[in-house]
$ cat upload.cif   # mmCIF, C-alpha atoms
data_start
loop_
_atom_site.label_atom_id
_atom_site.label_comp_id
_atom_site.auth_asym_id
_atom_site.auth_seq_id
_atom_site.Cartn_x
_atom_site.Cartn_y
_atom_site.Cartn_z
CA MET A 1 124.80 175.60 162.73
CA ALA A 2 126.11 178.47 160.62
CA ARG A 3 123.71 181.37 160.13
CA TYR A 4 125.06 181.85 156.60
CA GLU A 5 126.39 179.26 154.21
CA ILE A 6 128.59 181.74 152.35
CA LEU A 7 130.10 185.13 153.25
CA GLY A 8 131.75 187.02 150.41
CA ILE A 9 134.36 189.76 150.91
CA GLY A 10 135.40 191.84 147.92
CA ASN A 11 135.26 195.00 145.84
CA ALA A 12 131.74 196.44 145.75
CA ILE A 13 131.39 197.66 142.18
CA THR A 14 128.71 198.81 139.78
CA ASP A 15 129.10 197.07 136.42
CA ILE A 16 128.59 199.04 133.22
CA VAL A 17 128.38 196.43 130.44
CA ALA A 18 128.44 197.49 126.79
CA PRO A 19 128.80 195.66 123.45
CA VAL A 20 131.60 197.13 121.31
CA GLU A 21 133.43 196.35 118.10
CA HIS A 22 137.10 195.35 118.21
CA GLY A 23 137.96 198.78 116.79
CA PHE A 24 136.71 200.44 119.98
CA LEU A 25 139.27 198.46 121.98
CA SER A 26 142.14 199.31 119.66
CA ARG A 27 141.22 203.00 119.58
CA HIS A 28 141.42 203.08 123.36
CA ASP A 29 144.64 201.01 123.47
CA MET A 30 143.03 198.03 125.23
CA HIS A 31 144.08 194.40 125.08
CA PRO A 32 141.06 192.09 124.60
CA GLY A 33 140.25 189.81 127.52
CA THR A 34 142.26 191.71 130.13
CA MET A 35 141.44 193.81 133.19
CA ALA A 36 143.02 197.24 133.69
CA LEU A 37 142.79 199.60 136.63
CA ILE A 38 141.81 203.14 135.67
CA ASP A 39 141.36 206.45 137.46
CA GLU A 40 138.14 208.37 137.94
CA ALA A 41 138.71 210.70 134.96
CA THR A 42 139.30 207.77 132.60
CA ALA A 43 136.18 206.05 133.92
CA GLU A 44 134.12 209.15 133.15
CA ARG A 45 135.63 209.44 129.65
CA LEU A 46 135.00 205.79 128.75
CA THR A 47 131.47 205.84 130.13
CA ALA A 48 130.65 208.88 127.98
CA ALA A 49 132.07 207.16 124.86
CA LEU A 50 129.83 204.09 125.09
CA PRO A 51 127.01 203.91 122.52
CA GLU A 52 124.82 201.90 124.90
CA ALA A 53 125.28 200.22 128.26
CA LYS A 54 123.56 198.12 130.90
CA ARG A 55 124.13 198.98 134.57
CA SER A 56 123.91 196.44 137.38
CA GLY A 57 125.50 195.57 140.68
CA GLY A 58 128.89 193.99 140.20
CA GLY A 59 132.17 193.06 141.78
CA SER A 60 133.48 189.51 141.57
CA ALA A 61 132.60 188.27 145.08
CA ALA A 62 129.27 190.13 144.97
CA ASN A 63 128.44 188.34 141.71
CA THR A 64 129.26 185.03 143.36
CA CYS A 65 127.09 185.89 146.35
CA VAL A 66 124.10 186.82 144.18
CA VAL A 67 124.36 183.62 142.13
CA ALA A 68 124.73 181.50 145.28
CA ALA A 69 121.66 183.17 146.77
CA GLY A 70 119.81 182.42 143.54
CA LEU A 71 120.68 178.76 143.96
CA GLY A 72 119.10 178.88 147.41
CA ALA A 73 122.06 179.52 149.71
CA SER A 74 121.96 181.81 152.73
CA VAL A 75 124.51 184.50 151.88
CA ALA A 76 126.12 187.63 153.35
CA TYR A 77 128.57 190.12 151.83
CA LEU A 78 131.13 192.66 153.07
CA GLY A 79 132.41 195.47 150.81
CA LEU A 80 132.57 199.26 150.81
CA VAL A 81 130.43 201.69 148.80
CA ALA A 82 130.12 205.48 149.00
CA ASP A 83 127.04 207.41 150.04
CA ASP A 84 126.11 208.15 146.43
CA ALA A 85 123.64 206.99 143.79
CA GLU A 86 125.89 204.16 142.56
CA GLY A 87 126.38 202.95 146.13
CA ALA A 88 122.66 203.00 146.82
CA ALA A 89 122.06 201.05 143.61
CA PHE A 90 124.64 198.44 144.59
CA ARG A 91 123.15 197.90 148.04
CA ALA A 92 119.62 197.68 146.63
CA ASP A 93 120.79 195.20 144.00
CA VAL A 94 122.35 192.72 146.43
CA ALA A 95 119.49 193.12 148.90
CA ALA A 96 116.96 192.32 146.18
CA ALA A 97 118.91 189.13 145.49
CA GLY A 98 118.55 188.10 149.13
CA VAL A 99 122.14 188.87 150.18
CA HIS A 100 122.72 190.40 153.63
CA CYS A 101 125.05 193.44 153.30
CA PRO A 102 125.52 195.16 156.68
CA LEU A 103 128.31 197.70 156.06
CA PRO A 104 127.05 201.34 155.99
CA PRO A 105 127.91 203.59 153.00
CA GLN A 106 131.05 205.73 153.38
CA ARG A 107 130.86 209.53 153.38
CA GLY A 108 133.40 212.12 152.31
CA GLY A 109 135.74 209.88 150.34
CA LEU A 110 135.99 208.39 146.86
CA PRO A 111 132.82 207.55 144.90
CA THR A 112 131.54 204.01 144.55
CA ALA A 113 133.66 201.80 142.31
CA ARG A 114 132.62 200.95 138.78
CA CYS A 115 133.77 198.40 136.22
CA ILE A 116 133.32 199.20 132.54
CA VAL A 117 132.94 195.83 130.82
CA LEU A 118 133.38 195.95 127.05
CA VAL A 119 132.03 192.89 125.26
CA SER A 120 133.38 192.20 121.77
CA PRO A 121 131.37 190.27 119.12
CA ASP A 122 133.05 186.96 120.09
CA GLY A 123 131.73 187.28 123.66
CA GLN A 124 135.13 188.15 125.12
CA ARG A 125 135.09 190.79 127.86
CA THR A 126 137.66 193.51 128.45
CA MET A 127 137.36 195.21 131.82
CA ASN A 128 138.38 198.69 132.94
CA THR A 129 137.97 199.14 136.67
CA PHE A 130 137.89 202.26 138.82
CA LEU A 131 138.13 200.92 142.37
CA GLY A 132 136.89 204.04 144.13
CA ALA A 133 135.62 203.56 147.67
CA SER A 134 136.22 199.80 147.64
CA VAL A 135 139.99 200.21 148.15
CA GLY A 136 139.41 201.50 151.68
CA PHE A 137 138.46 198.05 152.99
CA GLY A 138 140.61 197.13 155.98
CA GLU A 139 140.74 195.17 159.20
CA HIS A 140 138.19 197.46 160.88
CA ASP A 141 135.65 196.43 158.23
CA VAL A 142 135.93 192.72 159.01
CA ASP A 143 132.93 191.71 161.10
CA GLU A 144 134.40 188.75 162.98
CA VAL A 145 131.02 187.77 164.40
CA LEU A 146 129.63 187.56 160.87
CA VAL A 147 132.68 185.59 159.73
CA GLY A 148 132.11 183.15 162.56
CA ASP A 149 128.47 182.83 161.51
CA ALA A 150 129.39 181.75 157.96
CA ASP A 151 130.24 178.19 156.94
CA ILE A 152 132.57 179.42 154.16
CA THR A 153 134.18 182.87 153.92
CA TYR A 154 135.01 183.59 150.28
CA LEU A 155 137.80 186.10 149.57
CA GLU A 156 138.04 187.92 146.24
CA GLY A 157 141.56 188.20 144.80
CA TYR A 158 140.76 191.49 143.06
CA LEU A 159 140.57 193.14 146.50
CA PHE A 160 143.98 191.76 147.47
CA ASP A 161 145.96 194.85 146.43
CA PRO A 162 146.16 197.49 149.20
CA PRO A 163 148.12 196.39 152.31
CA ALA A 164 145.06 197.11 154.46
CA ALA A 165 142.97 194.65 152.44
CA GLN A 166 145.66 191.97 152.68
CA ALA A 167 145.64 192.39 156.46
CA ALA A 168 141.85 192.18 156.40
CA PHE A 169 142.02 188.88 154.50
CA ARG A 170 144.40 187.39 157.04
CA GLN A 171 142.21 188.61 159.88
CA ALA A 172 139.07 187.16 158.29
CA ALA A 173 140.80 183.81 157.65
CA ALA A 174 142.00 183.62 161.25
CA ALA A 175 138.55 184.47 162.58
CA ALA A 176 136.95 181.82 160.36
CA HIS A 177 139.31 179.11 161.53
CA ARG A 178 138.92 180.06 165.18
CA ALA A 179 135.20 179.46 164.70
CA GLY A 180 135.83 176.13 162.97
CA ARG A 181 134.75 177.50 159.59
CA ARG A 182 136.29 177.27 156.13
CA VAL A 183 138.08 179.83 153.95
CA ALA A 184 137.92 180.03 150.15
CA LEU A 185 140.01 182.27 147.91
CA SER A 186 139.67 183.26 144.26
CA LEU A 187 142.85 184.38 142.52
CA SER A 188 140.58 186.47 140.24
CA ASP A 189 143.08 187.46 137.54
CA ALA A 190 146.63 186.68 136.44
CA PHE A 191 147.25 190.44 136.73
CA CYS A 192 146.53 190.16 140.45
CA VAL A 193 148.77 187.12 140.83
CA ASP A 194 151.67 188.76 139.02
CA ARG A 195 151.48 191.75 141.37
CA HIS A 196 151.19 189.80 144.61
CA ARG A 197 152.48 186.28 143.96
CA ASP A 198 154.45 185.93 147.20
CA ALA A 199 151.63 187.34 149.32
CA PHE A 200 149.12 184.98 147.69
CA ARG A 201 151.46 182.02 148.27
CA GLY A 202 151.67 183.03 151.92
CA LEU A 203 147.89 183.29 152.20
CA LEU A 204 147.46 179.76 150.80
CA ARG A 205 148.45 178.40 154.22
CA GLU A 206 145.15 179.79 155.51
CA VAL A 207 142.98 178.72 152.56
CA ASP A 208 140.86 175.56 152.48
CA LEU A 209 139.47 175.98 148.95
CA LEU A 210 141.15 177.75 146.03
CA PHE A 211 139.55 178.95 142.78
CA ALA A 212 141.69 179.82 139.76
CA ASN A 213 141.80 179.52 135.99
CA GLU A 214 144.68 178.09 133.97
CA ALA A 215 146.55 181.38 133.54
CA GLU A 216 146.22 182.29 137.21
CA ILE A 217 147.36 178.96 138.63
CA CYS A 218 150.30 178.72 136.22
CA SER A 219 151.34 182.24 137.17
CA LEU A 220 151.03 181.48 140.88
CA PHE A 221 153.47 178.58 140.65
CA ARG A 222 155.61 180.05 137.85
CA VAL A 223 155.05 177.13 135.46
CA ASN A 224 154.09 177.05 131.79
CA VAL A 225 152.31 173.70 131.72
CA PHE A 226 148.90 173.25 133.35
CA ALA A 227 149.72 169.68 134.42
CA ASP A 228 152.65 171.01 136.45
CA ALA A 229 150.35 173.58 138.06
CA LEU A 230 147.97 170.77 139.04
CA GLU A 231 150.75 168.96 140.86
CA ALA A 232 151.91 172.09 142.66
CA THR A 233 148.34 172.87 143.67
CA ALA A 234 147.86 169.40 145.15
CA HIS A 235 150.87 169.92 147.42
CA GLU A 236 149.88 173.38 148.69
CA VAL A 237 146.06 173.47 148.85
CA GLY A 238 143.66 170.98 150.37
CA LEU A 239 141.03 171.54 147.68
CA ALA A 240 141.09 173.53 144.45
CA ALA A 241 138.65 174.11 141.59
CA LEU A 242 140.58 175.07 138.45
CA THR A 243 138.60 176.31 135.46
CA CYS A 244 139.68 175.77 131.85
CA GLY A 245 137.14 177.71 129.78
CA GLN A 246 135.39 175.58 127.16
CA ALA A 247 137.40 172.56 128.36
CA GLY A 248 135.51 172.60 131.65
CA SER A 249 137.29 172.38 135.01
CA VAL A 250 139.45 170.13 137.13
CA ILE A 251 138.91 169.59 140.85
CA VAL A 252 142.10 168.82 142.77
CA SER A 253 142.01 167.21 146.21
CA GLY A 254 145.30 165.57 147.15
CA SER A 255 145.91 162.79 144.64
CA GLU A 256 142.29 162.90 143.45
CA ARG A 257 141.43 164.61 140.15
CA VAL A 258 137.83 165.13 139.04
CA SER A 259 137.23 166.46 135.53
CA ILE A 260 134.04 168.46 134.97
CA ALA A 261 132.71 169.11 131.47
CA ALA A 262 131.60 172.60 130.52
CA ALA A 263 127.80 172.80 130.31
CA ALA A 264 126.40 173.40 126.83
CA THR A 265 125.36 177.00 126.19
CA SER A 266 125.46 179.82 123.65
CA VAL A 267 128.21 182.26 124.60
CA VAL A 268 127.08 185.88 124.54
CA ASP A 269 129.18 187.51 127.28
CA THR A 270 131.79 185.74 129.41
CA THR A 271 131.60 188.37 132.15
CA GLY A 272 131.18 186.67 135.51
CA ALA A 273 131.74 183.10 134.31
CA GLY A 274 134.30 182.36 137.00
CA ASP A 275 132.20 184.11 139.63
CA ALA A 276 129.17 181.97 138.79
CA TYR A 277 131.26 178.80 138.74
CA ALA A 278 132.55 179.62 142.21
CA ALA A 279 128.98 180.20 143.41
CA GLY A 280 127.82 176.80 142.22
CA PHE A 281 130.83 175.02 143.67
CA LEU A 282 130.59 176.84 147.01
CA PHE A 283 126.88 176.04 147.18
CA GLY A 284 127.64 172.37 146.66
CA GLN A 285 130.35 172.34 149.30
CA ALA A 286 128.21 174.23 151.81
CA ARG A 287 125.45 171.64 151.29
CA GLY A 288 127.87 168.74 151.77
CA LEU A 289 127.68 167.56 148.17
CA GLY A 290 130.52 165.67 146.50
CA LEU A 291 133.21 167.16 144.32
CA ALA A 292 131.62 166.04 141.05
CA GLU A 293 128.21 167.47 141.94
CA SER A 294 129.74 170.71 143.22
CA GLY A 295 131.64 171.00 139.94
CA ARG A 296 128.49 170.32 137.94
CA LEU A 297 126.66 173.09 139.78
CA GLY A 298 129.54 175.44 139.05
CA SER A 299 129.47 174.50 135.38
CA VAL A 300 125.71 174.97 134.90
CA ALA A 301 125.69 178.25 136.83
CA ALA A 302 128.50 179.60 134.65
CA ALA A 303 126.68 178.44 131.51
CA GLU A 304 123.58 180.40 132.47
CA VAL A 305 125.50 183.61 133.16
CA ILE A 306 127.48 183.61 129.92
CA SER A 307 124.34 183.07 127.82
CA HIS A 308 123.35 186.75 128.15
CA TYR A 309 124.89 190.16 128.83
CA GLY A 310 125.88 190.89 132.43
CA ALA A 311 127.22 188.82 135.30
CA ARG A 312 123.93 188.26 137.12
CA PRO A 313 121.54 185.38 136.34
CA GLU A 314 118.35 185.93 134.38
CA MET A 315 116.59 182.67 135.28
CA ASP A 316 115.51 180.93 138.48
CA LEU A 317 118.68 179.04 139.34
CA ARG A 318 116.99 176.73 141.82
CA GLN A 319 115.88 174.54 138.94
CA LEU A 320 119.55 173.78 138.27
CA VAL A 321 120.06 172.19 141.69
#
$ encode --input "upload.cif" --output "structure tokens"
Amino acid sequence: MARYEILGIGNAITDIVAPVEHGFLSRHDMHPGTMALIDEATAERLTAALPEAKRSGGGSAANTCVVAAGLGASVAYLGLVADDAEGAAFRADVAAAGVHCPLPPQRGGLPTARCIVLVSPDGQRTMNTFLGASVGFGEHDVDEVLVGDADITYLEGYLFDPPAAQAAFRQAAAAAHRAGRRVALSLSDAFCVDRHRDAFRGLLREVDLLFANEAEICSLFRVNVFADALEATAHEVGLAALTCGQAGSVIVSGSERVSIAAAATSVVDTTGAGDAYAAGFLFGQARGLGLAESGRLGSVAAAEVISHYGARPEMDLRQLV
């Protein structure tokens, strides 16, 4: 029996979420709905310009881990933070959610990462990310014993940028399969796919479950039509959960297609929607539930998260199971 149902590996980030008008985005030359990497100085400047903000633990895989723990899963997480106030806050945040996070804080390097999430009146989020200490994650940070103790190791595509992190992903995937465990991967953002398409395609050979949205999966396979991306996915991945925003999601397993409706909700902030969906789906798969029920859990978890500001749930998610 696995000690943990889910192990997440990703960028450990503090989220700074703030409502802004569209004019704020244009004044700072931002494209709505995108994610941009920024340096430390820009992060400080944007943070100071915000009229109000809510701080919480963040990072895509960490969000997924917290939501999965809220559903009742046993969860662990690997990611780097600095020995600073933001790092301490991150570690306390995931620990309070019931997520095991064993890596010690790093000293003498970059500060803990932060993501400045700007939410426009339509609920769309525009992210500006300073990766800080998180970019140092490498093979030496992969706890192979912990990987072997997890039913599913979930890899965050946002981390898949530095060569050391790519090597760490391959090492973690190999360790998981040696232990007879499963590997899941989120493509995270079309920006990530565009930068590392060939490397992601190579990693697919070691992935049992893929998460992506329409833009990401079309970019991965260089197609313009979602139906073509579905066919390509079926040939290269054993199981994939592809999200389509308000249109719900499609689960692809060989020739099987399962359509999942989006759960009804009031959209306030779409930050973390994909992370929460992945949490629900991973929870279902770890518990041996079918594709339709796993998709439903993903849909209702995402609906809860987007009904308020921030990427962490505000209700007891166990009532959704």
$ resolve_selection --input "upload.cif" --expression "the PyMOL selection byres ((chain A and resi 300) around 8)" --output "PyMOL selection string"
chain A and resi 262-263+277+280+296-299+301-304+320
$ closest_atom_pairs --input "upload.cif" --of "region 192-273 of chain A" --to "region 126-138 of chain A" --cutoff "12 Å" --atoms "only C-alpha atoms" --output "tab-separated table"
residue	atom	partner	partner_atom	distance
A:Asp269	CA	A:Thr126	CA	10.5
A:Thr270	CA	A:Thr126	CA	9.8
A:Thr271	CA	A:Thr126	CA	8.8
A:Gly272	CA	A:Met127	CA	11.2
$ resolve_selection --input "upload.cif" --expression "the PyMOL selection byres ((chain A and resi 311) around 8)" --output "PDB file with C-alpha atoms, in the coordinates of the input"
ATOM      1  CA  GLY A  58     128.890 193.990 140.200  1.00  0.00           C
ATOM      2  CA  ASN A  63     128.440 188.340 141.710  1.00  0.00           C
ATOM      3  CA  THR A 271     131.600 188.370 132.150  1.00  0.00           C
ATOM      4  CA  GLY A 272     131.180 186.670 135.510  1.00  0.00           C
ATOM      5  CA  ALA A 273     131.740 183.100 134.310  1.00  0.00           C
ATOM      6  CA  ALA A 276     129.170 181.970 138.790  1.00  0.00           C
ATOM      7  CA  VAL A 305     125.500 183.610 133.160  1.00  0.00           C
ATOM      8  CA  ILE A 306     127.480 183.610 129.920  1.00  0.00           C
ATOM      9  CA  TYR A 309     124.890 190.160 128.830  1.00  0.00           C
ATOM     10  CA  GLY A 310     125.880 190.890 132.430  1.00  0.00           C
ATOM     11  CA  ARG A 312     123.930 188.260 137.120  1.00  0.00           C
ATOM     12  CA  PRO A 313     121.540 185.380 136.340  1.00  0.00           C
TER      13      PRO A 313
END
$ atom_distance --input "upload.cif" --atom1 "CA of Pro51 (chain A)" --atom2 "CA of Pro121 (chain A)"
14.7 Å
$ closest_residue --input "upload.cif" --among "A:Leu230, A:Leu204, A:Ala240, A:Ala286" --to "Ile6 (chain A)" --atoms "all atoms listed in the file"
A:Ala286
$ residues_around --input "upload.cif" --residues "region 213-220 of chain A" --least-positions-apart "2" --cutoff "6 Å" --atoms "all atoms listed in the file" --output "number ranges by chain"
A: 190, 197, 222-223, 229, 242-244
$ resolve_selection --input "upload.cif" --expression "the PyMOL selection byres ((chain A and resi 38) around 12)" --output "PDB file with C-alpha atoms, in the coordinates of the input"
ATOM      1  CA  MET A  30     143.030 198.030 125.230  1.00  0.00           C
ATOM      2  CA  MET A  35     141.440 193.810 133.190  1.00  0.00           C
ATOM      3  CA  ALA A  36     143.020 197.240 133.690  1.00  0.00           C
ATOM      4  CA  LEU A  37     142.790 199.600 136.630  1.00  0.00           C
ATOM      5  CA  ASP A  39     141.360 206.450 137.460  1.00  0.00           C
ATOM      6  CA  GLU A  40     138.140 208.370 137.940  1.00  0.00           C
ATOM      7  CA  ALA A  41     138.710 210.700 134.960  1.00  0.00           C
ATOM      8  CA  THR A  42     139.300 207.770 132.600  1.00  0.00           C
ATOM      9  CA  ALA A  43     136.180 206.050 133.920  1.00  0.00           C
ATOM     10  CA  GLU A  44     134.120 209.150 133.150  1.00  0.00           C
ATOM     11  CA  ARG A  45     135.630 209.440 129.650  1.00  0.00           C
ATOM     12  CA  LEU A  46     135.000 205.790 128.750  1.00  0.00           C
ATOM     13  CA  ALA A 113     133.660 201.800 142.310  1.00  0.00           C
ATOM     14  CA  ARG A 114     132.620 200.950 138.780  1.00  0.00           C
ATOM     15  CA  CYS A 115     133.770 198.400 136.220  1.00  0.00           C
ATOM     16  CA  ILE A 116     133.320 199.200 132.540  1.00  0.00           C
ATOM     17  CA  MET A 127     137.360 195.210 131.820  1.00  0.00           C
ATOM     18  CA  ASN A 128     138.380 198.690 132.940  1.00  0.00           C
ATOM     19  CA  THR A 129     137.970 199.140 136.670  1.00  0.00           C
ATOM     20  CA  PHE A 130     137.890 202.260 138.820  1.00  0.00           C
ATOM     21  CA  LEU A 131     138.130 200.920 142.370  1.00  0.00           C
ATOM     22  CA  GLY A 132     136.890 204.040 144.130  1.00  0.00           C
TER      23      GLY A 132
END
$ closest_residue --input "upload.cif" --among "A:Tyr154, A:Phe281, A:Phe221, A:Tyr77" --to "Asp194 (chain A)" --atoms "all atoms listed in the file"
A:Phe221
$ atom_distance --input "upload.cif" --atom1 "CA of Arg205 (chain A)" --atom2 "CA of Ala174 (chain A)"
10.9 Å
$ residues_near_point --input "upload.cif" --point "(128.4, 204.8, 144.5)" --cutoff "10 Å" --atoms "all atoms listed in the file" --output "VMD selection string"
chain A and resid 12 to 14 80 to 91 105 to 106 110 to 114 132 to 134
$ write_last_selection --input "upload.cif" --atoms "C-alpha atoms" --output "compact mmCIF listing (two decimals), in the frame of the given file"
# COMPACT_ATOMS: atom_id res chain seq x y z
CA ALA A 12 131.74 196.44 145.75
CA ILE A 13 131.39 197.66 142.18
CA THR A 14 128.71 198.81 139.78
CA LEU A 80 132.57 199.26 150.81
CA VAL A 81 130.43 201.69 148.80
CA ALA A 82 130.12 205.48 149.00
CA ASP A 83 127.04 207.41 150.04
CA ASP A 84 126.11 208.15 146.43
CA ALA A 85 123.64 206.99 143.79
CA GLU A 86 125.89 204.16 142.56
CA GLY A 87 126.38 202.95 146.13
CA ALA A 88 122.66 203.00 146.82
CA ALA A 89 122.06 201.05 143.61
CA PHE A 90 124.64 198.44 144.59
CA ARG A 91 123.15 197.90 148.04
CA PRO A 105 127.91 203.59 153.00
CA GLN A 106 131.05 205.73 153.38
CA LEU A 110 135.99 208.39 146.86
CA PRO A 111 132.82 207.55 144.90
CA THR A 112 131.54 204.01 144.55
CA ALA A 113 133.66 201.80 142.31
CA ARG A 114 132.62 200.95 138.78
CA GLY A 132 136.89 204.04 144.13
CA ALA A 133 135.62 203.56 147.67
CA SER A 134 136.22 199.80 147.64
$ atom_distance --input "upload.cif" --atom1 "CA of Phe211 (chain A)" --atom2 "CA of His235 (chain A)"
15.2 Å
$ closest_residue --input "upload.cif" --among "A:Ala2, A:Ala73, A:Val99, A:Leu210" --to "Val321 (chain A)" --atoms "all atoms listed in the file"
A:Ala73
$ build_atoms --input "upload.cif" --residues "region 160-177 of chain A" --atoms "N, CA, C and O atoms" --output "short mmCIF file (atom, residue, chain, number, x, y, z; two decimals), in the coordinates of the input"
data_model
loop_
_atom_site.label_atom_id
_atom_site.label_comp_id
_atom_site.auth_asym_id
_atom_site.auth_seq_id
_atom_site.Cartn_x
_atom_site.Cartn_y
_atom_site.Cartn_z
N PHE A 160 142.70 192.03 146.81
CA PHE A 160 143.98 191.76 147.47
C PHE A 160 145.10 192.62 146.86
O PHE A 160 146.06 192.13 146.31
N ASP A 161 144.96 193.93 146.99
CA ASP A 161 145.96 194.85 146.43
C ASP A 161 146.49 195.79 147.51
O ASP A 161 147.68 195.76 147.81
N PRO A 162 145.65 196.61 148.15
CA PRO A 162 146.16 197.49 149.20
C PRO A 162 146.62 196.67 150.42
O PRO A 162 146.02 195.64 150.75
N PRO A 163 147.66 197.11 151.11
CA PRO A 163 148.12 196.39 152.31
C PRO A 163 147.02 196.22 153.35
O PRO A 163 146.95 195.18 154.02
N ALA A 164 146.13 197.21 153.48
CA ALA A 164 145.06 197.11 154.46
C ALA A 164 144.12 195.95 154.14
O ALA A 164 143.65 195.24 155.03
N ALA A 165 143.85 195.74 152.84
CA ALA A 165 142.97 194.65 152.44
C ALA A 165 143.65 193.30 152.67
O ALA A 165 143.00 192.32 153.07
N GLN A 166 144.95 193.22 152.43
CA GLN A 166 145.66 191.97 152.68
C GLN A 166 145.60 191.62 154.16
O GLN A 166 145.38 190.45 154.53
N ALA A 167 145.76 192.62 155.01
CA ALA A 167 145.64 192.39 156.46
C ALA A 167 144.23 191.96 156.82
O ALA A 167 144.02 191.10 157.68
N ALA A 168 143.25 192.55 156.15
CA ALA A 168 141.85 192.18 156.40
C ALA A 168 141.60 190.73 156.02
O ALA A 168 140.87 190.01 156.72
N PHE A 169 142.18 190.28 154.91
CA PHE A 169 142.02 188.88 154.50
C PHE A 169 142.59 187.93 155.55
O PHE A 169 141.97 186.93 155.90
N ARG A 170 143.78 188.26 156.04
CA ARG A 170 144.40 187.39 157.04
C ARG A 170 143.58 187.37 158.32
O ARG A 170 143.43 186.32 158.97
N GLN A 171 143.04 188.53 158.70
CA GLN A 171 142.21 188.61 159.88
C GLN A 171 140.93 187.77 159.70
O GLN A 171 140.53 187.03 160.61
N ALA A 172 140.29 187.91 158.55
CA ALA A 172 139.07 187.16 158.29
C ALA A 172 139.34 185.65 158.29
O ALA A 172 138.55 184.87 158.85
N ALA A 173 140.46 185.23 157.69
CA ALA A 173 140.80 183.81 157.65
C ALA A 173 141.04 183.28 159.06
O ALA A 173 140.57 182.19 159.41
N ALA A 174 141.74 184.06 159.87
CA ALA A 174 142.00 183.62 161.25
C ALA A 174 140.71 183.52 162.05
O ALA A 174 140.50 182.56 162.80
N ALA A 175 139.82 184.49 161.86
CA ALA A 175 138.55 184.47 162.58
C ALA A 175 137.70 183.27 162.15
O ALA A 175 137.04 182.62 162.98
N ALA A 176 137.71 182.96 160.86
CA ALA A 176 136.95 181.82 160.36
C ALA A 176 137.46 180.52 160.97
O ALA A 176 136.67 179.68 161.43
N HIS A 177 138.77 180.35 161.01
CA HIS A 177 139.31 179.11 161.53
C HIS A 177 139.15 179.00 163.05
O HIS A 177 138.96 177.89 163.57
#
